[in-house]
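Data block below; observations after.
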Amino acid sequence: MNKTPLPREDLDVLEGYHSPQLDVPVRLNTNEAPFPLPNSFIQELESEIKKLDLNRYPSRSASELCASIADKELLKESEVFVANGSNEIIQSICLAYGGNERSALVFEPTYAMHSKIAKVAGTRVIEGFRDEEFQIDKDTALEIINREKPEIVFLCSPNNPTGNIESPELIDAILSELNSTGGLLVLDEAYKEFSESSSDLTVNEESNLAFIRTFSKVWSLAGIRLGYLLAPEWCINMMQAVSLPYHLDSVKQKAGVLALKHDKEIIRKVTELKEERRRVFEALTSMSVRVWPSEANFLLFKPETIDAYKLWEGLLEEGVLVRDCSTWEGLKGCLRVTIGSKSENNSFLTAVRKIVK
Ligand SMILES: Cc1ncc(COP(=O)(O)O)c(C=O)c1O
C-alpha cells in the first residue's frame, strides 16, 4: 500500500478559519465594498490590458505601481512593496522576520490571519488579550514585549472584528519599546479610510514601523487581490528578498495604477458607507442587540435575547450571510456584519427584527 507523505503536524492551525462562500442574495460576511467599480475605470482597464505584452514576465519590482502609491502616500518608491492582497504582505513579513525560534505578538481578539500566517511561517505566536471593551492595556503590552522580545508585533487599527482603533499613546509606547528591543511594529490599516481618526505617524528609516494597506475594502477591488506595505527601505528590501520572482502579474499592476488614477470616483462612496454604519448601529441598538461602536465598514454585535448561532442561521434562511464570531476567543455570542448598500442593510435589519422580535 502507498504511504502518503505526512504534512507538518503544526498545520492544523488552518482549520476552521475561512468564512463560508455561500450563494445568497445579501453577502455581508467579508467586509468587501458593496459597490461595483465605475465604468470609466473598467473601460480604461480593458484598453490597457489589450496593450500588455502578456507573453512577457511582469515588472518584477512593479515599479510603476509602487511609484503611483508612493506619490499618493508622499513617500519614496523604495518605501513601498506590493503583493497579492495584504495577506501576502503579512506572509512576507513573517517569512522575513519570523520563522524558527522567532515570535510574533498579537492581541486577541483581532484579525485571525496575523497569527495563522505567522504559524504557517513557523513563527511562535504570543497572545496578549484585550479587555471587555477590546482595548489593549499599555503596561501589560510593554511588559509582554520586554519579557518575550518578539520580532514582530501586529496591531490592527481599526481592529477587525471589533471595529475600534488603537490609541496613539499605545502605538507610540509600543513603537518606542520595539525601537529599543529591535522588533518590528506592523500596523494593519486595512480599514483606515473608514475611520474618523487621523494620525501623524509615517515611515521613517529610524523607526521600526510598517503599515499594511489593501485595495480590497474601500477600493472595491477584493477580486483583484492587491495590497501594499509602507515601510523603511531596509524592511522593503527584505520583502523583495522573500517574495517569489514576478509575484505580481501585469494585469494586477495595471489595475492598481488605474485605480489610483480614478481614486475620487472609486472611493467616493465612503461617506455613504459611514452614514449607513451610523444608521445600522442605531437600528440594532433599538432591537435587544448589543452593538459596539466601529470605525471600520463593519459592526460587531451580540443578540441579547437569542443564541448568536440561531440568529446567524435565521439570517441565512432570510438570505443574509453575516460572519459568525460567536465561538472565537473573547467574542462569545458575537456576530459581525459588513456595512453594505442601503438595500442590503435594509434586508439585514428587517431579518434581524423578524428573528429577535
Ligand atoms: C485587518 C485585515 N487585514 C488584512 C486583510 C486581508 O485583506 P486582503 O488580503 O484582501 O488585502 C483583511 C481582510 O479581511 C483584514 O480584515
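Residue numbering restarts at 1 in every chain; chains get A, B, ... in the order shown in the C-alpha cells, and ligands count up from 1 in that same order.
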Let me see if you get this right: every residue at most 10 Å from ligand 1, counting only C-alpha atoms and all ligand atoms, written as a PyMOL selection string. chain A and resi 29-32+83-90+110-114+155-161+163+187-192+212-217+221-228+296
So that I can check the surroundings of A:Asp12, please list as a count of residues only every protein, DNA and RNA residue that reaches within 12 Å of it, counting only C-alpha atoms and ignoring chain neighbours fewer than 5 positions away. 5
Just the residues within 12 Å of A:Lys342, please, counting only C-alpha atoms, with nothing from its chain fewer than 4 positions along; format it as a VMD selection string. chain A and resid 26 34 to 35 269 272 to 280 338 346 to 349
DSSP on the backbone: what in stretch 176-267 of chain A comes out helix (DSSP H, G or I), as an NGL selection string? :A and (176-181 or 192-194 or 222-224 or 233-242 or 250-261 or 263-267)
Keeping C-alpha atoms, export the residues of the selection given above as a PDB file, in the first residue's frame.
ATOM      1  CA  SER A 176       9.457  53.124  21.296  1.00  0.00           C
ATOM      2  CA  GLU A 177       9.851  49.823  23.156  1.00  0.00           C
ATOM      3  CA  LEU A 178      10.376  47.939  19.876  1.00  0.00           C
ATOM      4  CA  ASN A 179      12.850  50.551  18.673  1.00  0.00           C
ATOM      5  CA  SER A 180      14.997  49.516  21.594  1.00  0.00           C
ATOM      6  CA  THR A 181      14.372  45.725  21.513  1.00  0.00           C
ATOM      7  CA  LYS A 192      -8.164  53.116   7.610  1.00  0.00           C
ATOM      8  CA  GLU A 193     -10.362  55.056   5.170  1.00  0.00           C
ATOM      9  CA  PHE A 194     -13.498  54.347   7.235  1.00  0.00           C
ATOM     10  CA  ALA A 222     -11.218  42.494  -3.495  1.00  0.00           C
ATOM     11  CA  GLY A 223     -11.357  40.340  -6.633  1.00  0.00           C
ATOM     12  CA  ILE A 224      -8.062  41.720  -7.922  1.00  0.00           C
ATOM     13  CA  GLU A 233      13.827  50.760   2.893  1.00  0.00           C
ATOM     14  CA  TRP A 234      15.606  48.121   4.978  1.00  0.00           C
ATOM     15  CA  CYS A 235      12.245  46.405   5.518  1.00  0.00           C
ATOM     16  CA  ILE A 236      11.087  46.736   1.873  1.00  0.00           C
ATOM     17  CA  ASN A 237      14.393  45.181   0.754  1.00  0.00           C
ATOM     18  CA  MET A 238      13.618  42.147   2.893  1.00  0.00           C
ATOM     19  CA  MET A 239      10.099  41.862   1.400  1.00  0.00           C
ATOM     20  CA  GLN A 240      11.664  41.724  -2.064  1.00  0.00           C
ATOM     21  CA  ALA A 241      14.163  39.147  -0.875  1.00  0.00           C
ATOM     22  CA  VAL A 242      11.470  36.705   0.318  1.00  0.00           C
ATOM     23  CA  SER A 250       0.898  42.592 -15.153  1.00  0.00           C
ATOM     24  CA  VAL A 251      -2.913  42.880 -15.166  1.00  0.00           C
ATOM     25  CA  LYS A 252      -2.977  43.471 -11.438  1.00  0.00           C
ATOM     26  CA  GLN A 253      -0.162  46.009 -11.613  1.00  0.00           C
ATOM     27  CA  LYS A 254      -2.082  47.937 -14.252  1.00  0.00           C
ATOM     28  CA  ALA A 255      -5.348  47.699 -12.295  1.00  0.00           C
ATOM     29  CA  GLY A 256      -3.631  49.218  -9.247  1.00  0.00           C
ATOM     30  CA  VAL A 257      -2.159  52.109 -11.243  1.00  0.00           C
ATOM     31  CA  LEU A 258      -5.536  52.845 -12.839  1.00  0.00           C
ATOM     32  CA  ALA A 259      -7.408  52.596  -9.537  1.00  0.00           C
ATOM     33  CA  LEU A 260      -5.151  55.283  -8.087  1.00  0.00           C
ATOM     34  CA  LYS A 261      -5.812  57.423 -11.141  1.00  0.00           C
ATOM     35  CA  ASP A 263      -9.354  57.353  -6.885  1.00  0.00           C
ATOM     36  CA  LYS A 264     -12.037  60.013  -6.459  1.00  0.00           C
ATOM     37  CA  GLU A 265     -14.669  58.063  -8.423  1.00  0.00           C
ATOM     38  CA  ILE A 266     -13.813  54.745  -6.748  1.00  0.00           C
ATOM     39  CA  ILE A 267     -13.700  55.768  -3.121  1.00  0.00           C
TER      40      ILE A 267
END
Can you tell me, as a list of chain:residue names, what residues are no more than 7 Å from stretch 142-152 of chain A when counting only C-alpha atoms, ignoring any on the same chain fewer than 2 positions away?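 Counting only the stated atoms, we get A:Tyr97, A:Gly98, A:Arg102, A:Ser103, A:Ala104, A:Leu105, A:Lys138, A:Asp139, A:Thr140, A:Phe154, A:Ile174, A:Thr181, A:Gly183, A:Leu184, A:Leu185.
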Considering only C-alpha atoms, return as a list in words whatever protein or nucleic-acid residues lie within 12 Å of A:Asp137, sequence-local ones (same chain, fewer than 4 positions apart) excluded. Phe107, Gly128, Phe129, Arg130, Asp131, Glu132, Glu133, Ala141, Leu142, Glu143, Ile144, Glu166, Ser167, Glu169, Leu170, Ile171, Ala173 and Ile174 of chain A
Suppose we keep N, CA and C atoms; can you now write the selection as an mmCIF file, in the first residue's frame?
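To be explicit, this is the file written out as selection.cif:
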data_model
loop_
_atom_site.group_PDB
_atom_site.id
_atom_site.type_symbol
_atom_site.label_atom_id
_atom_site.label_comp_id
_atom_site.auth_asym_id
_atom_site.auth_seq_id
_atom_site.Cartn_x
_atom_site.Cartn_y
_atom_site.Cartn_z
ATOM 1 N N PHE A 107 -2.772 40.724 19.744
ATOM 2 C CA PHE A 107 -3.670 40.987 20.866
ATOM 3 C C PHE A 107 -5.072 40.558 20.473
ATOM 4 N N GLY A 128 -1.498 38.244 23.460
ATOM 5 C CA GLY A 128 -1.931 39.157 24.501
ATOM 6 C C GLY A 128 -3.447 39.266 24.357
ATOM 7 N N PHE A 129 -4.111 39.843 25.359
ATOM 8 C CA PHE A 129 -5.572 39.918 25.273
ATOM 9 C C PHE A 129 -6.076 41.343 25.510
ATOM 10 N N ARG A 130 -7.194 41.641 24.882
ATOM 11 C CA ARG A 130 -7.852 42.940 25.066
ATOM 12 C C ARG A 130 -8.828 42.844 26.228
ATOM 13 N N ASP A 131 -9.220 44.010 26.786
ATOM 14 C CA ASP A 131 -10.210 43.981 27.868
ATOM 15 C C ASP A 131 -11.620 43.851 27.274
ATOM 16 N N GLU A 132 -12.639 43.980 28.131
ATOM 17 C CA GLU A 132 -14.005 43.731 27.641
ATOM 18 C C GLU A 132 -14.469 44.741 26.598
ATOM 19 N N GLU A 133 -13.829 45.913 26.612
ATOM 20 C CA GLU A 133 -14.165 46.912 25.581
ATOM 21 C C GLU A 133 -13.174 46.834 24.418
ATOM 22 N N ALA A 141 1.023 45.341 27.705
ATOM 23 C CA ALA A 141 1.662 45.148 26.389
ATOM 24 C C ALA A 141 3.170 45.341 26.507
ATOM 25 N N LEU A 142 3.583 46.400 27.210
ATOM 26 C CA LEU A 142 5.021 46.682 27.337
ATOM 27 C C LEU A 142 5.714 45.581 28.135
ATOM 28 N N GLU A 143 4.993 45.086 29.129
ATOM 29 C CA GLU A 143 5.580 44.013 29.955
ATOM 30 C C GLU A 143 5.815 42.764 29.091
ATOM 31 N N ILE A 144 4.833 42.420 28.238
ATOM 32 C CA ILE A 144 4.998 41.228 27.372
ATOM 33 C C ILE A 144 6.173 41.445 26.407
ATOM 34 N N GLU A 166 -6.675 51.691 17.656
ATOM 35 C CA GLU A 166 -5.682 51.664 18.731
ATOM 36 C C GLU A 166 -5.306 53.116 19.027
ATOM 37 N N SER A 167 -5.119 53.448 20.316
ATOM 38 C CA SER A 167 -4.838 54.850 20.659
ATOM 39 C C SER A 167 -3.410 55.229 20.256
ATOM 40 N N GLU A 169 -1.328 56.858 21.942
ATOM 41 C CA GLU A 169 -0.426 56.656 23.093
ATOM 42 C C GLU A 169 0.074 55.214 23.118
ATOM 43 N N LEU A 170 -0.843 54.272 22.857
ATOM 44 C CA LEU A 170 -0.454 52.856 22.869
ATOM 45 C C LEU A 170 0.550 52.576 21.751
ATOM 46 N N ILE A 171 0.242 53.081 20.564
ATOM 47 C CA ILE A 171 1.128 52.834 19.412
ATOM 48 C C ILE A 171 2.512 53.432 19.688
ATOM 49 N N ALA A 173 3.944 54.050 22.550
ATOM 50 C CA ALA A 173 4.651 53.336 23.628
ATOM 51 C C ALA A 173 5.218 52.025 23.094
ATOM 52 N N ILE A 174 4.412 51.289 22.323
ATOM 53 C CA ILE A 174 4.882 50.002 21.793
ATOM 54 C C ILE A 174 6.034 50.227 20.816
#
Please provide as a list in words all residues within 12 Å of A:Pro20, with the sequence filter that same-chain residues fewer than 6 positions apart are discarded (counting only C-alpha atoms). Arg27, Leu28, Asn29, Thr30, Leu316, Leu321, Val322, Arg323 and Asp324 of chain A
Can I get the selection written as a PDB file, in the first residue's frame, with N, CA and C atoms?
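Output contents, as saved in result.pdb:
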ATOM      1  N   ARG A  27     -24.694  39.305   0.842  1.00  0.00           N
ATOM      2  CA  ARG A  27     -23.457  38.777   1.460  1.00  0.00           C
ATOM      3  C   ARG A  27     -22.747  39.879   2.238  1.00  0.00           C
ATOM      4  N   LEU A  28     -22.883  39.771   3.568  1.00  0.00           N
ATOM      5  CA  LEU A  28     -22.304  40.807   4.431  1.00  0.00           C
ATOM      6  C   LEU A  28     -21.336  40.159   5.423  1.00  0.00           C
ATOM      7  N   ASN A  29     -20.499  39.248   4.909  1.00  0.00           N
ATOM      8  CA  ASN A  29     -19.635  38.486   5.820  1.00  0.00           C
ATOM      9  C   ASN A  29     -18.148  38.709   5.648  1.00  0.00           C
ATOM     10  N   THR A  30     -17.707  39.392   4.579  1.00  0.00           N
ATOM     11  CA  THR A  30     -16.253  39.501   4.387  1.00  0.00           C
ATOM     12  C   THR A  30     -15.758  40.937   4.166  1.00  0.00           C
ATOM     13  N   LEU A 316     -29.451  33.519   7.608  1.00  0.00           N
ATOM     14  CA  LEU A 316     -29.144  32.787   6.382  1.00  0.00           C
ATOM     15  C   LEU A 316     -30.430  32.319   5.694  1.00  0.00           C
ATOM     16  N   LEU A 321     -26.126  36.676   4.736  1.00  0.00           N
ATOM     17  CA  LEU A 321     -24.963  35.994   5.321  1.00  0.00           C
ATOM     18  C   LEU A 321     -24.113  37.000   6.092  1.00  0.00           C
ATOM     19  N   VAL A 322     -23.917  36.748   7.404  1.00  0.00           N
ATOM     20  CA  VAL A 322     -23.005  37.579   8.198  1.00  0.00           C
ATOM     21  C   VAL A 322     -21.914  36.660   8.745  1.00  0.00           C
ATOM     22  N   ARG A 323     -20.938  37.228   9.452  1.00  0.00           N
ATOM     23  CA  ARG A 323     -19.828  36.424   9.972  1.00  0.00           C
ATOM     24  C   ARG A 323     -20.155  35.938  11.379  1.00  0.00           C
ATOM     25  N   ASP A 324     -20.007  34.644  11.584  1.00  0.00           N
ATOM     26  CA  ASP A 324     -20.240  34.073  12.907  1.00  0.00           C
ATOM     27  C   ASP A 324     -18.927  34.081  13.689  1.00  0.00           C
TER      28      ASP A 324
END
Residues within 10 Å of A:Leu311, only C-alpha atoms, excluding chain neighbours under 2 positions, as number ranges by chain: A: 302-303, 305-309, 313-317, 322, 324, 335, 351-352, 355-356
Can those selected residues be exported to a file as a compact mmCIF listing (two decimals), in the first residue's frame so that it contains C-alpha atoms?
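Generated file (again_4.txt):
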# COMPACT_ATOMS: atom_id res chain seq x y z
CA LYS A 302 -24.36 40.44 20.17
CA PRO A 303 -28.02 39.45 20.38
CA THR A 305 -32.45 37.53 23.71
CA ILE A 306 -31.45 34.76 21.29
CA ASP A 307 -28.44 32.50 20.80
CA ALA A 308 -25.99 34.05 18.31
CA TYR A 309 -25.71 30.92 16.15
CA GLU A 313 -28.86 30.55 10.89
CA GLY A 314 -32.09 32.55 10.87
CA LEU A 315 -30.42 35.33 8.88
CA LEU A 316 -29.14 32.79 6.38
CA GLU A 317 -32.67 31.45 5.91
CA VAL A 322 -23.01 37.58 8.20
CA ASP A 324 -20.24 34.07 12.91
CA LEU A 335 -21.63 38.20 15.08
CA ALA A 351 -34.36 39.98 9.04
CA VAL A 352 -32.82 40.71 12.47
CA ILE A 355 -35.83 36.92 14.24
CA VAL A 356 -35.07 38.64 17.56
Best match for closeness to A:Phe281 among A:Ala33, A:Leu52, A:Val337, A:Ala62, counting only C-alpha atoms: A:Val337
So how many Å separate atom CA of A:Ile136 and atom CA of A:Thr162, to one decimal?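 Atom CA of A:Thr162 lies at a distance of 12.3 Å from atom CA of A:Ile136.
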Out of A:Val291, A:Ala67, A:Ile117, A:Ile165, which residue has the shortest atom-to-atom distance to A:Ser197 when counting only C-alpha atoms? A:Ile165
